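Student: Just one file: protein21.cif, with mmCIF, C-alpha atoms and all ligand atoms.
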```
data_work
loop_
_atom_site.group_PDB
_atom_site.id
_atom_site.type_symbol
_atom_site.label_atom_id
_atom_site.label_comp_id
_atom_site.auth_asym_id
_atom_site.auth_seq_id
_atom_site.Cartn_x
_atom_site.Cartn_y
_atom_site.Cartn_z
ATOM 1 C CA MET A 1 160.222 -104.441 52.157
ATOM 2 C CA LYS A 2 161.265 -108.031 51.499
ATOM 3 C CA ILE A 3 158.903 -110.431 49.776
ATOM 4 C CA TYR A 4 159.167 -114.216 49.949
ATOM 5 C CA LEU A 5 159.133 -115.433 46.361
ATOM 6 C CA ASN A 6 159.635 -119.132 45.652
ATOM 7 C CA GLY A 7 162.030 -119.721 48.515
ATOM 8 C CA GLU A 8 163.966 -116.464 48.317
ATOM 9 C CA PHE A 9 163.589 -113.033 49.847
ATOM 10 C CA VAL A 10 163.564 -110.311 47.215
ATOM 11 C CA ASP A 11 163.080 -106.555 47.341
ATOM 12 C CA LYS A 12 159.597 -105.264 46.630
ATOM 13 C CA ALA A 13 160.783 -103.794 43.312
ATOM 14 C CA ASN A 14 162.050 -107.202 42.180
ATOM 15 C CA ALA A 15 159.113 -109.233 43.470
ATOM 16 C CA LYS A 16 157.685 -110.070 40.071
ATOM 17 C CA VAL A 17 155.754 -113.001 38.652
ATOM 18 C CA SER A 18 155.328 -113.960 35.022
ATOM 19 C CA VAL A 19 152.339 -112.718 33.036
ATOM 20 C CA PHE A 20 151.938 -116.408 32.118
ATOM 21 C CA ASP A 21 151.359 -117.329 35.763
ATOM 22 C CA HIS A 22 147.932 -118.953 35.976
ATOM 23 C CA GLY A 23 147.261 -116.999 39.145
ATOM 24 C CA PHE A 24 147.400 -113.850 37.027
ATOM 25 C CA LEU A 25 145.714 -115.284 33.937
ATOM 26 C CA TYR A 26 142.885 -117.147 35.670
ATOM 27 C CA GLY A 27 142.862 -116.463 39.407
ATOM 28 C CA ASP A 28 144.081 -120.053 39.584
ATOM 29 C CA GLY A 29 145.467 -120.376 43.086
ATOM 30 C CA GLY A 30 144.695 -120.139 46.775
ATOM 31 C CA PHE A 31 145.551 -117.603 49.441
ATOM 32 C CA GLU A 32 145.361 -116.698 53.115
ATOM 33 C CA GLY A 33 145.243 -113.443 55.042
ATOM 34 C CA ILE A 34 146.857 -113.815 58.468
ATOM 35 C CA ARG A 35 147.569 -111.381 61.291
ATOM 36 C CA SER A 36 150.247 -111.073 63.897
ATOM 37 C CA TYR A 37 149.905 -109.261 67.216
ATOM 38 C CA ASN A 38 152.980 -108.289 69.255
ATOM 39 C CA ASN A 39 155.212 -110.896 67.644
ATOM 40 C CA LEU A 40 152.607 -113.658 67.864
ATOM 41 C CA VAL A 41 151.123 -115.042 64.651
ATOM 42 C CA PHE A 42 147.447 -115.591 65.430
ATOM 43 C CA LYS A 43 145.993 -118.993 64.449
ATOM 44 C CA LEU A 44 148.883 -119.711 62.069
ATOM 45 C CA LYS A 45 148.300 -123.476 62.007
ATOM 46 C CA GLU A 46 144.588 -122.999 61.276
ATOM 47 C CA HIS A 47 145.339 -120.654 58.352
ATOM 48 C CA ILE A 48 147.935 -122.992 56.869
ATOM 49 C CA ASP A 49 145.583 -125.973 57.302
ATOM 50 C CA ARG A 50 142.845 -124.084 55.430
ATOM 51 C CA LEU A 51 145.291 -123.073 52.689
ATOM 52 C CA TYR A 52 146.321 -126.696 52.177
ATOM 53 C CA GLU A 53 142.661 -127.770 52.105
ATOM 54 C CA THR A 54 141.989 -125.197 49.378
ATOM 55 C CA LEU A 55 145.041 -126.398 47.415
ATOM 56 C CA HIS A 56 144.074 -130.063 47.875
ATOM 57 C CA THR A 57 140.703 -129.530 46.217
ATOM 58 C CA MET A 58 142.267 -127.367 43.508
ATOM 59 C CA MET A 59 144.845 -130.135 42.943
ATOM 60 C CA ILE A 60 147.769 -127.778 43.440
ATOM 61 C CA ASP A 61 150.579 -129.779 44.975
ATOM 62 C CA VAL A 62 152.824 -127.429 46.879
ATOM 63 C CA SER A 63 156.381 -128.549 47.501
ATOM 64 C CA LEU A 64 156.606 -127.136 51.048
ATOM 65 C CA THR A 65 155.308 -129.091 54.027
ATOM 66 C CA LYS A 66 152.864 -127.235 56.274
ATOM 67 C CA LYS A 67 155.639 -126.765 58.839
ATOM 68 C CA GLN A 68 157.926 -125.276 56.174
ATOM 69 C CA MET A 69 155.131 -122.951 55.073
ATOM 70 C CA GLU A 70 154.564 -121.829 58.670
ATOM 71 C CA LYS A 71 158.287 -121.143 58.992
ATOM 72 C CA ALA A 72 158.287 -119.161 55.741
ATOM 73 C CA VAL A 73 155.486 -116.957 57.133
ATOM 74 C CA VAL A 74 157.385 -116.338 60.368
ATOM 75 C CA ASP A 75 160.657 -115.705 58.465
ATOM 76 C CA THR A 76 158.897 -113.127 56.267
ATOM 77 C CA LEU A 77 157.707 -111.242 59.346
ATOM 78 C CA LYS A 78 161.205 -111.381 60.857
ATOM 79 C CA GLN A 79 162.866 -110.192 57.629
ATOM 80 C CA ASN A 80 160.586 -107.156 57.644
ATOM 81 C CA LYS A 81 160.769 -106.563 61.418
ATOM 82 C CA ILE A 82 156.998 -106.441 61.624
ATOM 83 C CA SER A 83 155.493 -107.030 65.088
ATOM 84 C CA ASN A 84 151.863 -106.226 64.309
ATOM 85 C CA GLY A 85 151.189 -107.126 60.724
ATOM 86 C CA TYR A 86 149.049 -108.537 58.005
ATOM 87 C CA ILE A 87 150.457 -111.464 56.054
ATOM 88 C CA ARG A 88 149.255 -112.559 52.627
ATOM 89 C CA VAL A 89 150.224 -116.070 51.556
ATOM 90 C CA ILE A 90 149.586 -116.822 47.888
ATOM 91 C CA VAL A 91 150.075 -120.125 46.093
ATOM 92 C CA THR A 92 149.259 -120.144 42.381
ATOM 93 C CA ARG A 93 149.268 -123.085 39.985
ATOM 94 C CA GLY A 94 152.394 -121.555 38.499
ATOM 95 C CA VAL A 95 153.612 -120.473 35.088
ATOM 96 C CA GLY A 96 151.865 -122.094 32.123
ATOM 97 C CA ASP A 97 150.870 -120.885 28.691
ATOM 98 C CA LEU A 98 147.899 -118.836 27.521
ATOM 99 C CA GLY A 99 145.631 -121.870 27.550
ATOM 100 C CA LEU A 100 143.803 -122.782 30.703
ATOM 101 C CA ASP A 101 145.089 -126.349 30.805
ATOM 102 C CA PRO A 102 146.633 -126.730 34.269
ATOM 103 C CA LYS A 103 148.973 -129.476 32.982
ATOM 104 C CA LYS A 104 150.940 -126.738 31.216
ATOM 105 C CA CYS A 105 152.019 -125.414 34.608
ATOM 106 C CA HIS A 106 154.018 -128.647 35.104
ATOM 107 C CA GLY A 107 153.236 -128.917 38.809
ATOM 108 C CA LYS A 108 155.428 -125.978 39.799
ATOM 109 C CA PRO A 109 153.300 -123.651 41.961
ATOM 110 C CA SER A 110 154.418 -120.089 42.661
ATOM 111 C CA ILE A 111 154.656 -119.264 46.352
ATOM 112 C CA ILE A 112 154.522 -115.651 47.481
ATOM 113 C CA ILE A 113 154.396 -114.264 51.020
ATOM 114 C CA ILE A 114 153.940 -110.545 51.657
ATOM 115 C CA SER A 115 153.877 -108.989 55.100
ATOM 116 C CA ASP A 116 152.968 -105.410 55.768
ATOM 117 C CA ASN A 117 151.698 -103.172 58.503
ATOM 118 C CA ILE A 118 147.991 -103.531 58.902
ATOM 119 C CA THR A 119 145.598 -100.785 57.848
ATOM 120 C CA LEU A 120 142.682 -100.845 60.228
ATOM 121 C CA TYR A 121 139.089 -99.781 59.755
ATOM 122 C CA PRO A 122 138.327 -96.390 61.335
ATOM 123 C CA LYS A 123 137.917 -96.717 65.109
ATOM 124 C CA GLU A 124 134.554 -94.954 65.015
ATOM 125 C CA LEU A 125 133.062 -97.877 63.050
ATOM 126 C CA TYR A 126 133.723 -100.089 66.084
ATOM 127 C CA ASN A 127 132.167 -97.566 68.474
ATOM 128 C CA LYS A 128 129.165 -96.622 66.367
ATOM 129 C CA GLY A 129 128.669 -99.806 64.374
ATOM 130 C CA MET A 130 128.341 -100.337 60.658
ATOM 131 C CA GLU A 131 125.433 -100.062 58.245
ATOM 132 C CA ILE A 132 125.321 -102.723 55.566
ATOM 133 C CA ILE A 133 123.006 -103.814 52.750
ATOM 134 C CA THR A 134 122.204 -106.998 50.851
ATOM 135 C CA VAL A 135 123.472 -106.963 47.262
ATOM 136 C CA PRO A 136 122.041 -108.719 44.174
ATOM 137 C CA THR A 137 125.139 -110.809 43.365
ATOM 138 C CA VAL A 138 124.689 -114.186 45.087
ATOM 139 C CA ARG A 139 127.567 -116.128 46.590
ATOM 140 C CA ASN A 140 128.972 -118.842 44.322
ATOM 141 C CA HIS A 141 127.096 -122.137 44.094
ATOM 142 C CA PRO A 142 129.022 -124.723 46.147
ATOM 143 C CA GLU A 143 129.458 -126.910 43.077
ATOM 144 C CA ALA A 144 130.806 -123.995 41.016
ATOM 145 C CA VAL A 145 133.619 -122.385 43.007
ATOM 146 C CA ASN A 146 132.844 -123.513 46.537
ATOM 147 C CA PRO A 147 132.858 -120.547 48.960
ATOM 148 C CA MET A 148 134.725 -122.844 51.368
ATOM 149 C CA LEU A 149 137.755 -122.481 49.087
ATOM 150 C CA LYS A 150 139.851 -119.416 49.685
ATOM 151 C CA SER A 151 140.708 -119.268 46.027
ATOM 152 C CA MET A 152 142.332 -116.314 44.272
ATOM 153 C CA ASN A 153 139.200 -116.154 42.143
ATOM 154 C CA TYR A 154 137.465 -113.366 44.093
ATOM 155 C CA LEU A 155 135.363 -111.874 41.316
ATOM 156 C CA ASN A 156 132.171 -113.099 43.001
ATOM 157 C CA ASN A 157 133.004 -111.022 46.079
ATOM 158 C CA ILE A 158 134.392 -108.084 44.128
ATOM 159 C CA MET A 159 131.165 -107.786 42.085
ATOM 160 C CA ALA A 160 129.260 -107.696 45.371
ATOM 161 C CA LYS A 161 131.664 -105.107 46.803
ATOM 162 C CA ILE A 162 131.138 -102.906 43.727
ATOM 163 C CA GLU A 163 127.386 -103.065 44.318
ATOM 164 C CA ALA A 164 127.900 -102.136 47.965
ATOM 165 C CA ASN A 165 130.205 -99.239 47.046
ATOM 166 C CA ASN A 166 127.788 -98.011 44.362
ATOM 167 C CA SER A 167 125.139 -97.706 47.053
ATOM 168 C CA GLY A 168 127.496 -95.960 49.465
ATOM 169 C CA TYR A 169 128.256 -98.922 51.765
ATOM 170 C CA CYS A 170 131.581 -100.563 52.522
ATOM 171 C CA GLU A 171 130.340 -104.075 53.291
ATOM 172 C CA ALA A 172 127.383 -106.144 52.114
ATOM 173 C CA ILE A 173 125.468 -109.340 52.825
ATOM 174 C CA MET A 174 125.604 -111.936 50.071
ATOM 175 C CA LEU A 175 122.846 -114.551 49.882
ATOM 176 C CA ASP A 176 123.553 -118.113 48.800
ATOM 177 C CA HIS A 177 122.048 -119.679 45.666
ATOM 178 C CA GLN A 178 118.948 -120.654 47.703
ATOM 179 C CA GLY A 179 118.374 -117.159 49.058
ATOM 180 C CA TYR A 180 119.745 -117.726 52.561
ATOM 181 C CA VAL A 181 122.218 -115.350 54.167
ATOM 182 C CA ALA A 182 125.706 -116.698 53.414
ATOM 183 C CA GLU A 183 128.290 -114.133 54.510
ATOM 184 C CA CYS A 184 129.636 -110.705 53.598
ATOM 185 C CA THR A 185 132.126 -109.928 50.835
ATOM 186 C CA GLY A 186 135.117 -110.385 53.140
ATOM 187 C CA ASP A 187 133.626 -111.303 56.528
ATOM 188 C CA ASN A 188 131.398 -113.881 58.191
ATOM 189 C CA ILE A 189 128.157 -112.798 59.852
ATOM 190 C CA PHE A 190 126.660 -113.483 63.287
ATOM 191 C CA THR A 191 123.365 -112.545 64.949
ATOM 192 C CA PHE A 192 122.389 -112.693 68.600
ATOM 193 C CA LYS A 193 118.757 -113.052 69.742
ATOM 194 C CA ASN A 194 117.062 -114.404 72.852
ATOM 195 C CA GLY A 195 120.388 -115.500 74.281
ATOM 196 C CA VAL A 196 121.466 -117.498 71.228
ATOM 197 C CA LEU A 197 124.352 -116.702 68.882
ATOM 198 C CA SER A 198 123.629 -117.727 65.263
ATOM 199 C CA THR A 199 125.750 -117.938 62.132
ATOM 200 C CA PRO A 200 125.109 -119.427 58.680
ATOM 201 C CA SER A 201 126.052 -123.052 58.177
ATOM 202 C CA GLN A 202 126.323 -123.021 54.401
ATOM 203 C CA GLY A 203 127.463 -120.982 51.431
ATOM 204 C CA ARG A 204 130.288 -119.261 53.249
ATOM 205 C CA LEU A 205 133.993 -119.433 53.992
ATOM 206 C CA LYS A 206 134.900 -121.348 57.135
ATOM 207 C CA GLY A 207 136.356 -118.222 58.674
ATOM 208 C CA ILE A 208 139.123 -118.563 61.245
ATOM 209 C CA THR A 209 137.760 -115.593 63.215
ATOM 210 C CA ARG A 210 134.284 -117.154 62.999
ATOM 211 C CA GLN A 211 135.677 -120.293 64.648
ATOM 212 C CA VAL A 212 137.403 -118.242 67.365
ATOM 213 C CA VAL A 213 134.028 -116.629 68.169
ATOM 214 C CA LEU A 214 132.301 -120.040 68.256
ATOM 215 C CA ASP A 215 135.012 -121.371 70.592
ATOM 216 C CA LEU A 216 134.756 -118.323 72.865
ATOM 217 C CA ALA A 217 130.962 -118.703 72.981
ATOM 218 C CA LYS A 218 131.292 -122.354 73.976
ATOM 219 C CA LYS A 219 133.820 -121.495 76.685
ATOM 220 C CA ASN A 220 131.491 -118.828 78.062
ATOM 221 C CA LYS A 221 128.398 -121.060 77.862
ATOM 222 C CA ILE A 222 126.691 -118.863 75.273
ATOM 223 C CA PRO A 223 124.355 -121.108 73.227
ATOM 224 C CA VAL A 224 125.310 -121.292 69.566
ATOM 225 C CA GLN A 225 123.339 -122.282 66.502
ATOM 226 C CA GLU A 226 124.808 -122.924 63.058
ATOM 227 C CA GLY A 227 122.055 -123.204 60.471
ATOM 228 C CA LEU A 228 120.119 -121.571 57.674
ATOM 229 C CA MET A 229 119.623 -117.838 58.186
ATOM 230 C CA THR A 230 117.150 -115.578 56.401
ATOM 231 C CA ARG A 231 117.342 -111.799 56.080
ATOM 232 C CA HIS A 232 114.223 -111.545 58.265
ATOM 233 C CA GLU A 233 116.138 -113.206 61.090
ATOM 234 C CA VAL A 234 118.941 -110.685 60.682
ATOM 235 C CA TYR A 235 116.481 -107.745 60.722
ATOM 236 C CA ILE A 236 114.814 -108.889 63.971
ATOM 237 C CA ALA A 237 118.043 -109.827 65.780
ATOM 238 C CA ASP A 238 119.017 -108.064 69.009
ATOM 239 C CA GLU A 239 122.609 -107.803 67.803
ATOM 240 C CA CYS A 240 124.612 -108.409 64.657
ATOM 241 C CA PHE A 241 128.343 -108.422 63.995
ATOM 242 C CA LEU A 242 130.851 -109.429 61.336
ATOM 243 C CA THR A 243 134.078 -111.384 61.784
ATOM 244 C CA GLY A 244 137.260 -111.472 59.730
ATOM 245 C CA THR A 245 141.015 -111.477 60.119
ATOM 246 C CA ALA A 246 141.322 -107.818 59.115
ATOM 247 C CA ALA A 247 138.108 -106.504 60.698
ATOM 248 C CA GLU A 248 138.298 -108.760 63.797
ATOM 249 C CA ILE A 249 134.774 -108.240 65.208
ATOM 250 C CA ILE A 250 132.792 -105.302 63.912
ATOM 251 C CA PRO A 251 129.295 -104.365 65.126
ATOM 252 C CA VAL A 252 126.458 -103.970 62.604
ATOM 253 C CA VAL A 253 123.642 -101.615 63.609
ATOM 254 C CA LYS A 254 121.557 -101.336 60.435
ATOM 255 C CA VAL A 255 120.839 -103.826 57.638
ATOM 256 C CA ASP A 256 118.900 -102.866 54.480
ATOM 257 C CA GLY A 257 117.573 -99.806 56.329
ATOM 258 C CA ARG A 258 116.313 -101.868 59.308
ATOM 259 C CA ARG A 259 117.680 -100.919 62.719
ATOM 260 C CA ILE A 260 119.199 -103.879 64.560
ATOM 261 C CA GLY A 261 118.242 -104.014 68.248
ATOM 262 C CA ASP A 262 118.489 -100.522 69.703
ATOM 263 C CA GLY A 263 120.713 -99.349 66.862
ATOM 264 C CA LYS A 264 123.880 -99.449 68.947
ATOM 265 C CA PRO A 265 126.635 -102.086 69.203
ATOM 266 C CA GLY A 266 125.255 -104.806 71.511
ATOM 267 C CA SER A 267 126.671 -106.040 74.801
ATOM 268 C CA ILE A 268 127.491 -109.568 73.541
ATOM 269 C CA THR A 269 129.218 -108.041 70.508
ATOM 270 C CA LYS A 270 131.333 -105.833 72.767
ATOM 271 C CA LYS A 271 132.066 -108.742 75.108
ATOM 272 C CA MET A 272 133.136 -110.902 72.165
ATOM 273 C CA LEU A 273 135.447 -108.198 70.844
ATOM 274 C CA LYS A 274 137.043 -107.853 74.280
ATOM 275 C CA MET A 275 137.552 -111.616 74.605
ATOM 276 C CA PHE A 276 138.861 -111.789 71.050
ATOM 277 C CA LYS A 277 141.436 -109.060 71.771
ATOM 278 C CA GLU A 278 142.556 -110.969 74.859
ATOM 279 C CA ALA A 279 142.954 -114.162 72.823
ATOM 280 C CA THR A 280 145.215 -112.371 70.346
ATOM 281 C CA THR A 281 147.606 -111.441 73.155
ATOM 282 C CA LYS A 282 147.928 -115.063 74.305
ATOM 283 C CA ASP A 283 147.439 -117.507 71.430
ATOM 284 C CA GLY A 284 149.868 -117.663 68.600
ATOM 285 C CA VAL A 285 153.240 -118.673 67.257
ATOM 286 C CA LYS A 286 155.986 -116.543 68.792
ATOM 287 C CA TYR A 287 158.760 -115.031 66.684
HETATM 288 N N1 LIG A 301 134.388 -114.627 54.208
HETATM 289 C C1 LIG A 301 135.101 -114.233 53.130
HETATM 290 C C2 LIG A 301 134.488 -114.306 51.793
HETATM 291 C C3 LIG A 301 136.414 -113.772 53.305
HETATM 292 O O1 LIG A 301 137.126 -113.381 52.246
HETATM 293 C C4 LIG A 301 136.184 -114.114 55.696
HETATM 294 C C5 LIG A 301 134.903 -114.581 55.453
HETATM 295 C C6 LIG A 301 136.722 -114.127 57.085
HETATM 296 O O2 LIG A 301 137.598 -115.218 57.259
HETATM 297 P P1 LIG A 301 138.775 -115.175 58.338
HETATM 298 O O3 LIG A 301 139.416 -116.498 58.204
HETATM 299 O O4 LIG A 301 139.676 -114.032 57.952
HETATM 300 O O5 LIG A 301 138.153 -114.953 59.657
HETATM 301 C C7 LIG A 301 136.979 -113.715 54.600
HETATM 302 C C8 LIG A 301 138.395 -113.237 54.759
HETATM 303 C C9 LIG A 301 139.817 -107.575 52.556
HETATM 304 C C10 LIG A 301 139.984 -109.061 52.568
HETATM 305 O O6 LIG A 301 140.625 -106.893 51.935
HETATM 306 C C11 LIG A 301 139.206 -109.840 53.408
HETATM 307 C C12 LIG A 301 139.333 -111.231 53.439
HETATM 308 C C13 LIG A 301 140.233 -111.806 52.580
HETATM 309 C C14 LIG A 301 141.005 -111.025 51.731
HETATM 310 C C15 LIG A 301 140.897 -109.640 51.725
HETATM 311 O O7 LIG A 301 138.850 -107.080 53.166
HETATM 312 N N2 LIG A 301 138.517 -111.895 54.320
#
```
When written as structure tokens, how does the structure in this file appear?
Tutor:
Amino acid sequence: MKIYLNGEFVDKANAKVSVFDHGFLYGDGGFEGIRSYNNLVFKLKEHIDRLYETLHTMMIDVSLTKKQMEKAVVDTLKQNKISNGYIRVIVTRGVGDLGLDPKKCHGKPSIIIISDNITLYPKELYNKGMEIITVPTVRNHPEAVNPMLKSMNYLNNIMAKIEANNSGYCEAIMLDHQGYVAECTGDNIFTFKNGVLSTPSQGRLKGITRQVVLDLAKKNKIPVQEGLMTRHEVYIADECFLTGTAAEIIPVVKVDGRRIGDGKPGSITKKMLKMFKEATTKDGVKY
């Protein structure tokens, strides 16, 4: 396996960063998780745009243009001869000293791109649907570490994931600081009721898959509502599903012990997954 490390391709065994890298010391950096399907990188521009938005707010000035970054992603896939893969792009503030002062990193971000074969969730989860719970850890306050940033600082989500795992679940709903449903630890959430598709408007990452679903809904004249969502509204929904680059679209059939709809993956959920799969065969940057 070849890893892109600061402009060079190095073997996995030599792909090392300093222990003084602020990404390691403080989670001080941004990242993206991208997928490719049959030699097409899905929504590459959108992922790179979001990465640069994260870095802009974090005041990490990366030397590569967006186009150069896109090329580096494609080159990494080519180097590894991966047709269907998962790509992790990481940009940290770079190597500093033990203090947290970002000035000590001297404006030299570390850029790392790893591509690997994707490990998928078990197929039966897609057929049967998932059971999830709400966990006590709330999603970060937007004026602390804004959930719109895909920062390397994932402790908020990891704490929530630990709570989910401790209770025997693999994914969990996180509420925002006001008690509204925000998102899951690594996925956005949707409900469907009375012909309307709903998804939270605040306290969550602006997921790329979430946007694909919103676009597909618009194209298919399915009414969409982005707004505040309570747990009650999730419990009484006809359908519920999660979206994410790795998970794609995964049906949810039980939340906090409440059955959703008839307890089986819903027809809109299945239709969305089908349309999403079709989109991944057409859209994308070829390599
Ligand atoms: N919300 C959060 C908090 C995420 O981390 C999504 C939503 C979905 O966004 P996209 O753009 O992928 O549709 C994510 C992304 C993992 C893992 O191992 C998951 C993500 C990121 C990193 C690792 O499950 N999800």
Student: For each of A:Ile162, A:Ile222, A:Met1, A:Ala279, take the minimum atom-to-atom distance to A:Lys81, counting only C-alpha atoms, then give the residue where this is smallest.
Tutor: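 Selected residue with least distance to A:Lys81: A:Met1.
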Student: Please return as a ChimeraX atom specification the residues found within 6 Å of ligand LIG 301 (chain A), counting only C-alpha atoms and all ligand atoms.
Tutor: /A:33,185-188,205,207-210,243-245
Student: What residues come out when you apply the PyMOL selection byres (((chain A and resi 142) around 10) and not hetatm) to this file, written as a ChimeraX atom specification?
Tutor: /A:139-141,143-149,176-177,202-204
Student: Show me, as a ChimeraX atom specification, the residues that have an atom within 12 Å of stretch 106-111 of chain A when counting only C-alpha atoms, minus same-chain residues fewer than 2 positions from it.
Tutor: /A:3-9,15-18,20-24,28-32,51,55,58-64,68-69,72-73,88-97,101-104,113-114
Student: Under the rule that all atoms listed in the file are counted, which of A:Gly227, A:Gly284, A:Pro251, A:Gly168 is the nearest residue to A:Glu46?
Tutor: A:Gly284
Student: Can you turn the PyMOL selection byres (((chain A and resi 181) around 8) and not hetatm) into a concrete residue list for this file, as a ChimeraX atom specification?
Tutor: /A:173-176,179-180,182-183,200,228-231
Student: As an exercise, work out the distance from atom CA of A:Glu131 to atom CA of A:Val255 in Å and give it to one decimal place.
Tutor: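 Spanning atom CA of A:Glu131 to atom CA of A:Val255 is a straight-line distance of 6.0 Å.
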Student: For atom CA of A:Phe42 and atom CA of A:Thr54, quote the distance in Å rounded to one decimal.
Tutor: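 According to the coordinates, atom CA of A:Phe42 and atom CA of A:Thr54 are separated by 19.5 Å.
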Student: In Å, how far is it from atom CA of A:Thr199 to atom CA of A:Met272?
Tutor: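 Going from atom CA of A:Thr199 over to atom CA of A:Met272 covers 14.3 Å.
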Student: Name the closest residue to A:Ile250 among the candidates A:Tyr287, A:Tyr169, A:Tyr126, A:Phe190; distances are taken between atoms, counting all atoms listed in the file.
Tutor: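 Checking each of A:Tyr287, A:Tyr169, A:Tyr126, A:Phe190 against A:Ile250, counting all atoms listed in the file, the winner is A:Tyr126.
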Student: Using the chain letters and numbering of this document, enumerate as a PyMOL selection string the residues selected by the PyMOL selection byres (((chain A and resi 274-278) around 10) and not hetatm).
Tutor: chain A and resi 37+209+212-213+216-217+248-249+268-273+279-283
Student: Counting all atoms listed in the file, which of A:Ile34, A:Thr134, A:Leu155, A:Pro265 gets nearest to A:Phe192?
Tutor: A:Pro265
Student: When distances are computed from all atoms listed in the file, which of A:Leu40, A:Leu125, A:Leu197, A:Leu100 shows the smallest separation from A:Gln225?
Tutor: A:Leu197
Student: Which one of A:Lys219, A:Lys193, A:His56, A:Lys206 sits closest to A:Tyr235 if you count only C-alpha atoms?
Tutor: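 Smallest separation from A:Tyr235 among the options: A:Lys193.
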Student: Fewer than 6 positions away in the same chain doesn't count, so skip those; otherwise give me all residues within 12 Å of A:Lys221, counting all atoms listed in the file, as a PyMOL selection string.
Tutor: chain A and resi 195-197+214-215
Student: Hey, could you make a per-residue contact list for stretch 161-248 of chain A against stretch 257-263 of chain A with 8 Å as the cut-off, showing the nearest pair of atoms and its distance in Å to one decimal, counting all atoms listed in the file, sorted by chain and number, as a Markdown table?
Tutor:
```
| residue | atom | partner | partner_atom | distance |
| --- | --- | --- | --- | --- |
| A:Val234 | CA | A:Ile260 | CA | 7.8 |
| A:Tyr235 | CA | A:Arg258 | CA | 6.0 |
| A:Ile236 | CA | A:Ile260 | CA | 6.7 |
| A:Ala237 | CA | A:Ile260 | CA | 6.2 |
| A:Asp238 | CA | A:Gly261 | CA | 4.2 |
| A:Glu239 | CA | A:Gly261 | CA | 5.8 |
| A:Cys240 | CA | A:Ile260 | CA | 7.1 |
```
Student: Output as lines of an AutoDock Vina configuration file the centre and edge lengths (Å, one decimal) of the box along x, y and z of the file that holds every listed atom of stretch 276-283 of chain A after adding 5 Å on each side.
Tutor:
```
center_x = 143.4
center_y = -113.3
center_z = 72.6
size_x = 19.1
size_y = 18.4
size_z = 14.5
```
